[in-house]
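One structure below.
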Amino acid sequence: MDSQIGAELAICRRLVGARLRGQMQYRGSFIAQIAGNFGVNFVELIAILILFSHFGAIGGWDVGEVAFLYGLSCTSFGIAHLLGSGFSSFSTLIHQGTFDRVLVRPVGTLLQVLAAEMQIRRLGEALQGVLVLGAAIGFVGIEWTVGRLVYLPIVLASAVLLYVALFAIEATVCFWTTQATEVLNAFTYGGSDMAQYPLHIYDGWLRGLLLFVVPIGFVIYLPSLYLLDKPDPLGLPGFVPFLAPVAALAFAMAAAALWRLGVRHYRSTGS
Amino acid sequence: MITARGLSKSYWVARHRRGALGAMRSLVDRSGREVRAVRDISFDVAAGEIVGYVGPNGAGKSTTIKMLTGILVPTAGEATVAGYVPWNQRKSLASKIGVVFGQRTQLWWDLPLIESLELLRFVYRVPVDRFQANLTEMRSLLDLDPFLETPVRQLSLGQRMRGDLAAAVLHEPPLLYLDEPTIGLDVVAKARVREFLARINRERGVTILLTTHDLADVEHLCRRMIIIDRGRLLYDGSVEALRQRHGSHRTLVVDLEAGATIDGFVRDGVELVRADGPRRWLRFDREAVSAASLISSVVARAPVVDVAIEEPAIEDIIRGIYEGGLRAEPAVSE
Ligand SMILES: Nc1ncnc2c1ncn2[C@@H]1O[C@H](COP(=O)(O)OP(=O)(O)OP(=O)(O)O)[C@@H](O)[C@H]1O
Ligand SMILES: [Mg+2]
């Protein structure tokens, strides 16, 4: 089984390499595009800062702490967006019936879709997240323990996995209809936006949604309580901040199951 | 190699709604209509056969092939291909089959052909030496060398089809599905594709299931033919038997001497279908009239320079079948 996965990853690497070489033929400078993407996201950050200049703090969290959340979410979203580039163009693959050829190859469908596209410019999004995260860490002065040092990358990886799974679900819906892509897109982006603020400012169903349906809260907000050494205003058990990888894995497995169901609903095209 | 039993596929075509709100509604409300693309089709294909799968547009040919590759899950029925149930064991089956969709390439659009082929080597995990041997063979069989380094998007249709054929057999699949492999090709390119297919069938024992609208493909390649229409199987048997059973009419072509005429010639089971200068075409029922007796009665009436007998074209027989000639008869096998 392990060697199977290894072999598939090797194939994946080849496919991505091929895709990038194909891309280079058309597109001039990656750097310019990365910079462009960076700029777009920067506007978002400015909006948050303006918010702070009016209110001073959000839900008892100061600028540095919210910036930490923002950086965490933005970094993982950017990396997931890059890794999951193939999902962005998935509706075309379904619409034009080109998913046919993915299905006749002896490699996992998810892997093939992921490897079919890598939009390097999305590195800009991740890069910006990293900068904000770095600045925030410096600003709030995290008390580094071994636990926190080890857990931060785990949290990041979990968040990446969760966002990739979210993109996967968005793509999976295409197996049933390719008309709803924009509506779903709003949900994905909306989710990542909401993760940029402390969860306890949301109440009722929205909080429940972010914890138990799409567990962004478990992956970004709750671990941040531990990393920033903040008290838990929700009064959840003490181990909860450490559930990030569990929540992300569970969500990813649900997404993969949904994907498999979707593949069986694929109907190709008439010509 | 292939066993299909009662294969059926219906497509649910949802009512189209406009706008974002419409999109949301179509997620919930599934009203629409059902298109029954393939209905209760059963057949077997033995290893080493070349079977032509023909039928008019929209008959369900591509849908059948997609079920047998595992791309589509059938609505009803069963199938095993190379020992696998295609839609449940799709990944395992994938290395046992080669697929060419004439309308659509399997190659990487932006990459030179050779790079696509090398990628497929990884995808199918073909050992380097086998790959090299196959590539060398394909290069000469399909004459790939002139465009091996050309990006696929710049290839002509004929070149691309050759590239696709090479891509489909590099992993040495025992079974090849071809959905319209000669579509849009000129006569020379068609001949080359046919020759290639005949050859890998003969030399490698590759089983081939092919759909086409060019019946010359079937006549050149297939001993056996399956005809479907509107999702139903109409005929399954040898091309020769079809000709015998449904092409009972032959045509006698006579060239008369200058000035001679056979106008008013009447005989049971014979019909004058065409006249052009001194030439006359007489269609006759081979059951009712023997060629010899027809010739002698024509010669008795007018001086004849030359005679020829035309067998019915498979094309005409099939047109007759599409138009309903076989509808009443049960589907047969040889
Ligand atoms: N993805 C699809 N969604 C809805 N209907 C479809 C789809 N694919 C095929 N059909 C319908 O199913 C029927 C059979 O189509 P199919 O493509 O199998 O025919 P075909 O025999 O391959 O025709 P052609 O010779 O034109 O390629 C047609 O009526 C077609 O409109
Ligand atoms: Mg077709």
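Letters for chains follow the order of the structure tokens (A, B, ...), residue numbers begin at 1 for each chain, and ligand numbers begin at 1 in the order shown.
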
task: Determine which residues of range 64-197 of chain B DSSP labels as strand (DSSP E or B) from the backbone of this structure, then write them out as a list in words.
output: Ala76, Gly77, Glu78, Ala79, Thr80, Val81, Tyr84, Ile97, Gly98, Val99, Val100, Phe101, Arg104, Pro112, Pro151, Leu175, Leu176, Tyr177, Leu178 and Asp179 of chain B

- request: Starting from chain B, keep only residues with some atom at most 6 Å from an atom of chain A, counting only C-alpha atoms, and report them as a VMD selection string.
  value: chain B and resid 23 71 91 94 to 95 110 122

- request: Find the spatial neighbours of Ser76 in chain A, counting only C-alpha atoms, within a cut-off of 12 Å - ignore same-chain residues fewer than 2 positions away - and output them as a ChimeraX atom specification.
  value: /A:69-74,78-84,122-123,125-130,133,152-164,192,195-196,216,219-220

Compile a residue-level contact table for chain B against ligand 1 at a cut-off of 9 Å, reporting for every qualifying residue the shortest atom pair and its distance in Å to one decimal, with only C-alpha atoms and all ligand atoms counted, rows ordered by chain and ascending number, as a tab-separated table.
residue	atom	partner	partner_atom_place_in_ligand_line	distance
B:Lys9	CA	ligand 1	12 (O)	8.4
B:Ser10	CA	ligand 1	12 (O)	7.6
B:Tyr11	CA	ligand 1	4 (C)	5.0
B:Trp12	CA	ligand 1	4 (C)	6.6
B:Val13	CA	ligand 1	4 (C)	5.8
B:Glu34	CA	ligand 1	5 (N)	8.6
B:Val35	CA	ligand 1	12 (O)	6.2
B:Arg36	CA	ligand 1	12 (O)	6.7
B:Ala37	CA	ligand 1	12 (O)	4.1
B:Val38	CA	ligand 1	14 (C)	7.0
B:Val54	CA	ligand 1	21 (O)	7.7
B:Gly55	CA	ligand 1	21 (O)	6.1
B:Pro56	CA	ligand 1	25 (O)	5.6
B:Asn57	CA	ligand 1	26 (O)	3.4
B:Gly58	CA	ligand 1	19 (O)	3.4
B:Ala59	CA	ligand 1	21 (O)	3.8
B:Gly60	CA	ligand 1	18 (O)	3.1
B:Lys61	CA	ligand 1	21 (O)	3.6
B:Ser62	CA	ligand 1	22 (O)	3.6
B:Thr63	CA	ligand 1	18 (O)	3.6
B:Thr64	CA	ligand 1	18 (O)	6.4
B:Ile65	CA	ligand 1	18 (O)	8.1
B:Lys66	CA	ligand 1	18 (O)	8.3
B:Asp179	CA	ligand 1	22 (O)	7.9
B:Glu180	CA	ligand 1	27 (O)	7.9
B:Thr211	CA	ligand 1	22 (O)	8.1
B:Thr212	CA	ligand 1	25 (O)	7.5
B:His213	CA	ligand 1	25 (O)	7.0
B:Ile228	CA	ligand 1	21 (O)	8.1
B:Asp229	CA	ligand 1	21 (O)	7.9
B:Arg230	CA	ligand 1	14 (C)	7.4
B:Gly231	CA	ligand 1	14 (C)	7.0

Can you write just those residues out, N, CA and C atoms, as an mmCIF file, in the first residue's frame?
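New file selection06.cif:
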data_model
loop_
_atom_site.group_PDB
_atom_site.id
_atom_site.type_symbol
_atom_site.label_atom_id
_atom_site.label_comp_id
_atom_site.auth_asym_id
_atom_site.auth_seq_id
_atom_site.Cartn_x
_atom_site.Cartn_y
_atom_site.Cartn_z
ATOM 1 N N LYS B 9 -28.299 2.131 -20.099
ATOM 2 C CA LYS B 9 -27.905 3.419 -19.525
ATOM 3 C C LYS B 9 -28.933 4.474 -19.888
ATOM 4 N N SER B 10 -29.455 5.111 -18.866
ATOM 5 C CA SER B 10 -30.360 6.238 -19.097
ATOM 6 C C SER B 10 -29.693 7.492 -18.579
ATOM 7 N N TYR B 11 -29.830 8.556 -19.325
ATOM 8 C CA TYR B 11 -29.345 9.846 -18.838
ATOM 9 C C TYR B 11 -30.533 10.639 -18.349
ATOM 10 N N TRP B 12 -30.361 11.254 -17.217
ATOM 11 C CA TRP B 12 -31.396 12.138 -16.721
ATOM 12 C C TRP B 12 -31.037 13.538 -17.158
ATOM 13 N N VAL B 13 -31.844 14.106 -18.019
ATOM 14 C CA VAL B 13 -31.555 15.452 -18.497
ATOM 15 C C VAL B 13 -32.413 16.437 -17.726
ATOM 16 N N GLU B 34 -35.937 11.613 -19.138
ATOM 17 C CA GLU B 34 -34.977 10.515 -19.199
ATOM 18 C C GLU B 34 -34.652 10.183 -20.650
ATOM 19 N N VAL B 35 -33.363 10.093 -20.965
ATOM 20 C CA VAL B 35 -32.962 9.647 -22.298
ATOM 21 C C VAL B 35 -32.419 8.234 -22.155
ATOM 22 N N ARG B 36 -33.056 7.279 -22.819
ATOM 23 C CA ARG B 36 -32.595 5.891 -22.695
ATOM 24 C C ARG B 36 -31.599 5.607 -23.812
ATOM 25 N N ALA B 37 -30.335 5.850 -23.508
ATOM 26 C CA ALA B 37 -29.281 5.802 -24.529
ATOM 27 C C ALA B 37 -28.930 4.373 -24.927
ATOM 28 N N VAL B 38 -28.887 3.466 -23.954
ATOM 29 C CA VAL B 38 -28.565 2.056 -24.234
ATOM 30 C C VAL B 38 -29.589 1.207 -23.498
ATOM 31 N N VAL B 54 -21.519 -0.620 -34.864
ATOM 32 C CA VAL B 54 -22.015 0.470 -35.696
ATOM 33 C C VAL B 54 -23.474 0.794 -35.399
ATOM 34 N N GLY B 55 -23.861 1.959 -35.842
ATOM 35 C CA GLY B 55 -25.222 2.432 -35.639
ATOM 36 C C GLY B 55 -25.261 3.902 -35.987
ATOM 37 N N PRO B 56 -26.457 4.416 -36.286
ATOM 38 C CA PRO B 56 -26.546 5.834 -36.665
ATOM 39 C C PRO B 56 -26.211 6.760 -35.501
ATOM 40 N N ASN B 57 -26.144 8.052 -35.764
ATOM 41 C CA ASN B 57 -25.851 9.032 -34.714
ATOM 42 C C ASN B 57 -26.830 8.879 -33.549
ATOM 43 N N GLY B 58 -26.278 8.921 -32.352
ATOM 44 C CA GLY B 58 -27.133 8.850 -31.164
ATOM 45 C C GLY B 58 -27.630 7.456 -30.839
ATOM 46 N N ALA B 59 -27.068 6.442 -31.498
ATOM 47 C CA ALA B 59 -27.537 5.073 -31.283
ATOM 48 C C ALA B 59 -27.163 4.554 -29.894
ATOM 49 N N GLY B 60 -26.073 5.077 -29.347
ATOM 50 C CA GLY B 60 -25.633 4.610 -28.039
ATOM 51 C C GLY B 60 -24.278 3.918 -28.079
ATOM 52 N N LYS B 61 -23.555 4.095 -29.155
ATOM 53 C CA LYS B 61 -22.246 3.442 -29.298
ATOM 54 C C LYS B 61 -21.249 3.956 -28.272
ATOM 55 N N SER B 62 -21.088 5.279 -28.242
ATOM 56 C CA SER B 62 -20.117 5.847 -27.299
ATOM 57 C C SER B 62 -20.510 5.526 -25.864
ATOM 58 N N THR B 63 -21.806 5.576 -25.584
ATOM 59 C CA THR B 63 -22.278 5.276 -24.230
ATOM 60 C C THR B 63 -21.894 3.850 -23.838
ATOM 61 N N THR B 64 -22.062 2.901 -24.765
ATOM 62 C CA THR B 64 -21.683 1.515 -24.475
ATOM 63 C C THR B 64 -20.196 1.430 -24.157
ATOM 64 N N ILE B 65 -19.392 2.048 -24.995
ATOM 65 C CA ILE B 65 -17.941 1.993 -24.787
ATOM 66 C C ILE B 65 -17.561 2.629 -23.455
ATOM 67 N N LYS B 66 -18.225 3.717 -23.110
ATOM 68 C CA LYS B 66 -17.907 4.365 -21.838
ATOM 69 C C LYS B 66 -18.266 3.479 -20.648
ATOM 70 N N ASP B 179 -13.255 4.638 -30.482
ATOM 71 C CA ASP B 179 -14.511 5.299 -30.805
ATOM 72 C C ASP B 179 -14.256 6.269 -31.948
ATOM 73 N N GLU B 180 -14.641 5.855 -33.132
ATOM 74 C CA GLU B 180 -14.448 6.633 -34.352
ATOM 75 C C GLU B 180 -12.985 7.033 -34.594
ATOM 76 N N THR B 211 -15.965 1.597 -33.070
ATOM 77 C CA THR B 211 -17.157 2.198 -33.646
ATOM 78 C C THR B 211 -16.717 3.061 -34.812
ATOM 79 N N THR B 212 -17.593 3.177 -35.787
ATOM 80 C CA THR B 212 -17.248 3.976 -36.944
ATOM 81 C C THR B 212 -18.508 4.291 -37.731
ATOM 82 N N HIS B 213 -18.442 5.356 -38.528
ATOM 83 C CA HIS B 213 -19.523 5.631 -39.469
ATOM 84 C C HIS B 213 -19.064 5.278 -40.873
ATOM 85 N N ILE B 228 -26.412 -1.394 -33.627
ATOM 86 C CA ILE B 228 -27.416 -0.942 -32.663
ATOM 87 C C ILE B 228 -28.102 0.299 -33.208
ATOM 88 N N ASP B 229 -29.325 0.499 -32.741
ATOM 89 C CA ASP B 229 -30.058 1.704 -33.111
ATOM 90 C C ASP B 229 -30.967 2.071 -31.963
ATOM 91 N N ARG B 230 -31.006 3.346 -31.636
ATOM 92 C CA ARG B 230 -31.802 3.855 -30.520
ATOM 93 C C ARG B 230 -31.603 3.018 -29.262
ATOM 94 N N GLY B 231 -30.377 2.634 -29.040
ATOM 95 C CA GLY B 231 -30.044 1.926 -27.808
ATOM 96 C C GLY B 231 -30.268 0.431 -27.857
#

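Taking only C-alpha atoms, the non-local environment of Arg243 in chain B within 10 Å (same-chain residues fewer than 5 positions away omitted) comprises B:Ser238, B:Ser248, B:His249, B:Glu311, B:Pro312, B:Ala313, B:Ile314, B:Asp316, B:Ile317, B:Ile318.
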
Write a file of the selected residues as an mmCIF file, in the first residue's frame, keeping C-alpha atoms.
data_model
loop_
_atom_site.group_PDB
_atom_site.id
_atom_site.type_symbol
_atom_site.label_atom_id
_atom_site.label_comp_id
_atom_site.auth_asym_id
_atom_site.auth_seq_id
_atom_site.Cartn_x
_atom_site.Cartn_y
_atom_site.Cartn_z
ATOM 1 C CA SER B 238 -20.659 -11.933 -39.297
ATOM 2 C CA SER B 248 -30.644 -10.840 -51.313
ATOM 3 C CA HIS B 249 -30.729 -8.433 -54.239
ATOM 4 C CA GLU B 311 -23.002 -7.555 -54.958
ATOM 5 C CA PRO B 312 -24.984 -5.320 -52.617
ATOM 6 C CA ALA B 313 -22.815 -2.804 -50.824
ATOM 7 C CA ILE B 314 -22.744 -3.338 -47.080
ATOM 8 C CA ASP B 316 -26.848 -0.131 -48.599
ATOM 9 C CA ILE B 317 -27.784 -3.100 -46.459
ATOM 10 C CA ILE B 318 -27.114 -1.172 -43.329
#

message: What's around Asp143 in chain B at 12 Å? Count only C-alpha atoms, leave out sequence neighbours fewer than 2 positions away in its own chain, and write the answer as a list of chain:residue names.
response: B:Leu135, B:Thr136, B:Glu137, B:Met138, B:Arg139, B:Ser140, B:Leu141, B:Asp145, B:Pro146, B:Phe147, B:Leu148, B:Gly158, B:Gln159, B:Arg160, B:Met161, B:Arg162, B:Gly163, B:Leu165, B:Ala166, B:Ala189, B:Arg192, B:Val193, B:Phe196

message: Can you pull out the residues contacting Arg121 in chain B? Cut-off 10 Å, using only C-alpha atoms, and skip same-chain residues under 2 positions away; I want them as a ChimeraX atom specification.
response: /A:11 /B:115-119,123-128,130-132,167,170-171

Those selected residues, please, written with N, CA and C atoms and delivered as a PDB file, in the first residue's frame.
ATOM      1  N   ILE A  11       4.330   9.653  -9.932  1.00  0.00           N
ATOM      2  CA  ILE A  11       3.610   9.976 -11.166  1.00  0.00           C
ATOM      3  C   ILE A  11       3.098  11.403 -11.105  1.00  0.00           C
TER       4      ILE A  11
ATOM      5  N   GLU B 115       6.965  13.746 -25.333  1.00  0.00           N
ATOM      6  CA  GLU B 115       6.857  13.937 -23.875  1.00  0.00           C
ATOM      7  C   GLU B 115       5.556  13.348 -23.336  1.00  0.00           C
ATOM      8  N   SER B 116       4.494  13.471 -24.108  1.00  0.00           N
ATOM      9  CA  SER B 116       3.232  12.841 -23.718  1.00  0.00           C
ATOM     10  C   SER B 116       3.414  11.334 -23.586  1.00  0.00           C
ATOM     11  N   LEU B 117       4.103  10.772 -24.566  1.00  0.00           N
ATOM     12  CA  LEU B 117       4.297   9.320 -24.537  1.00  0.00           C
ATOM     13  C   LEU B 117       5.146   8.918 -23.340  1.00  0.00           C
ATOM     14  N   GLU B 118       6.138   9.744 -23.031  1.00  0.00           N
ATOM     15  CA  GLU B 118       6.986   9.412 -21.887  1.00  0.00           C
ATOM     16  C   GLU B 118       6.233   9.547 -20.563  1.00  0.00           C
ATOM     17  N   LEU B 119       5.342  10.546 -20.505  1.00  0.00           N
ATOM     18  CA  LEU B 119       4.510  10.669 -19.300  1.00  0.00           C
ATOM     19  C   LEU B 119       3.643   9.433 -19.127  1.00  0.00           C
ATOM     20  N   VAL B 123       2.651   6.887 -16.090  1.00  0.00           N
ATOM     21  CA  VAL B 123       1.273   6.671 -15.674  1.00  0.00           C
ATOM     22  C   VAL B 123       0.940   5.168 -15.700  1.00  0.00           C
ATOM     23  N   TYR B 124       1.404   4.482 -16.724  1.00  0.00           N
ATOM     24  CA  TYR B 124       1.101   3.050 -16.847  1.00  0.00           C
ATOM     25  C   TYR B 124       2.207   2.162 -16.294  1.00  0.00           C
ATOM     26  N   ARG B 125       3.257   2.799 -15.767  1.00  0.00           N
ATOM     27  CA  ARG B 125       4.375   2.058 -15.180  1.00  0.00           C
ATOM     28  C   ARG B 125       4.932   0.997 -16.122  1.00  0.00           C
ATOM     29  N   VAL B 126       5.256   1.421 -17.320  1.00  0.00           N
ATOM     30  CA  VAL B 126       5.828   0.510 -18.304  1.00  0.00           C
ATOM     31  C   VAL B 126       7.340   0.468 -18.081  1.00  0.00           C
ATOM     32  N   PRO B 127       7.921  -0.724 -17.974  1.00  0.00           N
ATOM     33  CA  PRO B 127       9.374  -0.817 -17.825  1.00  0.00           C
ATOM     34  C   PRO B 127      10.091  -0.151 -19.010  1.00  0.00           C
ATOM     35  N   VAL B 128      11.234   0.469 -18.712  1.00  0.00           N
ATOM     36  CA  VAL B 128      11.924   1.266 -19.736  1.00  0.00           C
ATOM     37  C   VAL B 128      12.207   0.472 -21.011  1.00  0.00           C
ATOM     38  N   ARG B 130      10.711  -2.205 -22.259  1.00  0.00           N
ATOM     39  CA  ARG B 130       9.477  -2.487 -23.004  1.00  0.00           C
ATOM     40  C   ARG B 130       9.027  -1.221 -23.718  1.00  0.00           C
ATOM     41  N   PHE B 131       9.109  -0.104 -22.991  1.00  0.00           N
ATOM     42  CA  PHE B 131       8.681   1.168 -23.562  1.00  0.00           C
ATOM     43  C   PHE B 131       9.507   1.500 -24.808  1.00  0.00           C
ATOM     44  N   GLN B 132      10.822   1.360 -24.670  1.00  0.00           N
ATOM     45  CA  GLN B 132      11.687   1.688 -25.805  1.00  0.00           C
ATOM     46  C   GLN B 132      11.382   0.805 -27.005  1.00  0.00           C
ATOM     47  N   ALA B 167      -0.179   6.147 -28.282  1.00  0.00           N
ATOM     48  CA  ALA B 167      -0.366   6.313 -26.836  1.00  0.00           C
ATOM     49  C   ALA B 167      -1.240   5.201 -26.261  1.00  0.00           C
ATOM     50  N   LEU B 170       1.011   1.709 -26.062  1.00  0.00           N
ATOM     51  CA  LEU B 170       2.365   1.653 -25.494  1.00  0.00           C
ATOM     52  C   LEU B 170       2.463   0.759 -24.259  1.00  0.00           C
ATOM     53  N   HIS B 171       1.366   0.640 -23.533  1.00  0.00           N
ATOM     54  CA  HIS B 171       1.408  -0.202 -22.331  1.00  0.00           C
ATOM     55  C   HIS B 171       0.937  -1.621 -22.647  1.00  0.00           C
TER      56      HIS B 171
END

task: Tell me, as a ChimeraX atom specification, which residues lie within 12 Å of Gly141 in chain A, counting only C-alpha atoms; anything in the same chain fewer than 3 positions away does not count.
output: /A:64-65,68,133-138,144,227-229

With C-alpha atoms retained, could you export that selection as a tab-separated table (two decimals), in the first residue's frame?
chain	number	residue	atom	x	y	z
A	64	GLY	CA	-1.56	41.36	16.64
A	65	GLU	CA	-3.72	38.44	17.69
A	68	PHE	CA	-2.08	35.97	13.71
A	133	LEU	CA	1.96	35.57	10.21
A	134	GLY	CA	5.63	36.34	10.82
A	135	ALA	CA	4.90	39.96	11.69
A	136	ALA	CA	2.05	38.94	14.00
A	137	ILE	CA	4.22	36.41	15.79
A	138	GLY	CA	6.81	39.11	16.36
A	144	TRP	CA	7.62	29.62	22.60
A	227	LEU	CA	-0.56	29.04	20.55
A	228	LEU	CA	-1.40	32.57	21.74
A	229	ASP	CA	-2.08	31.42	25.29
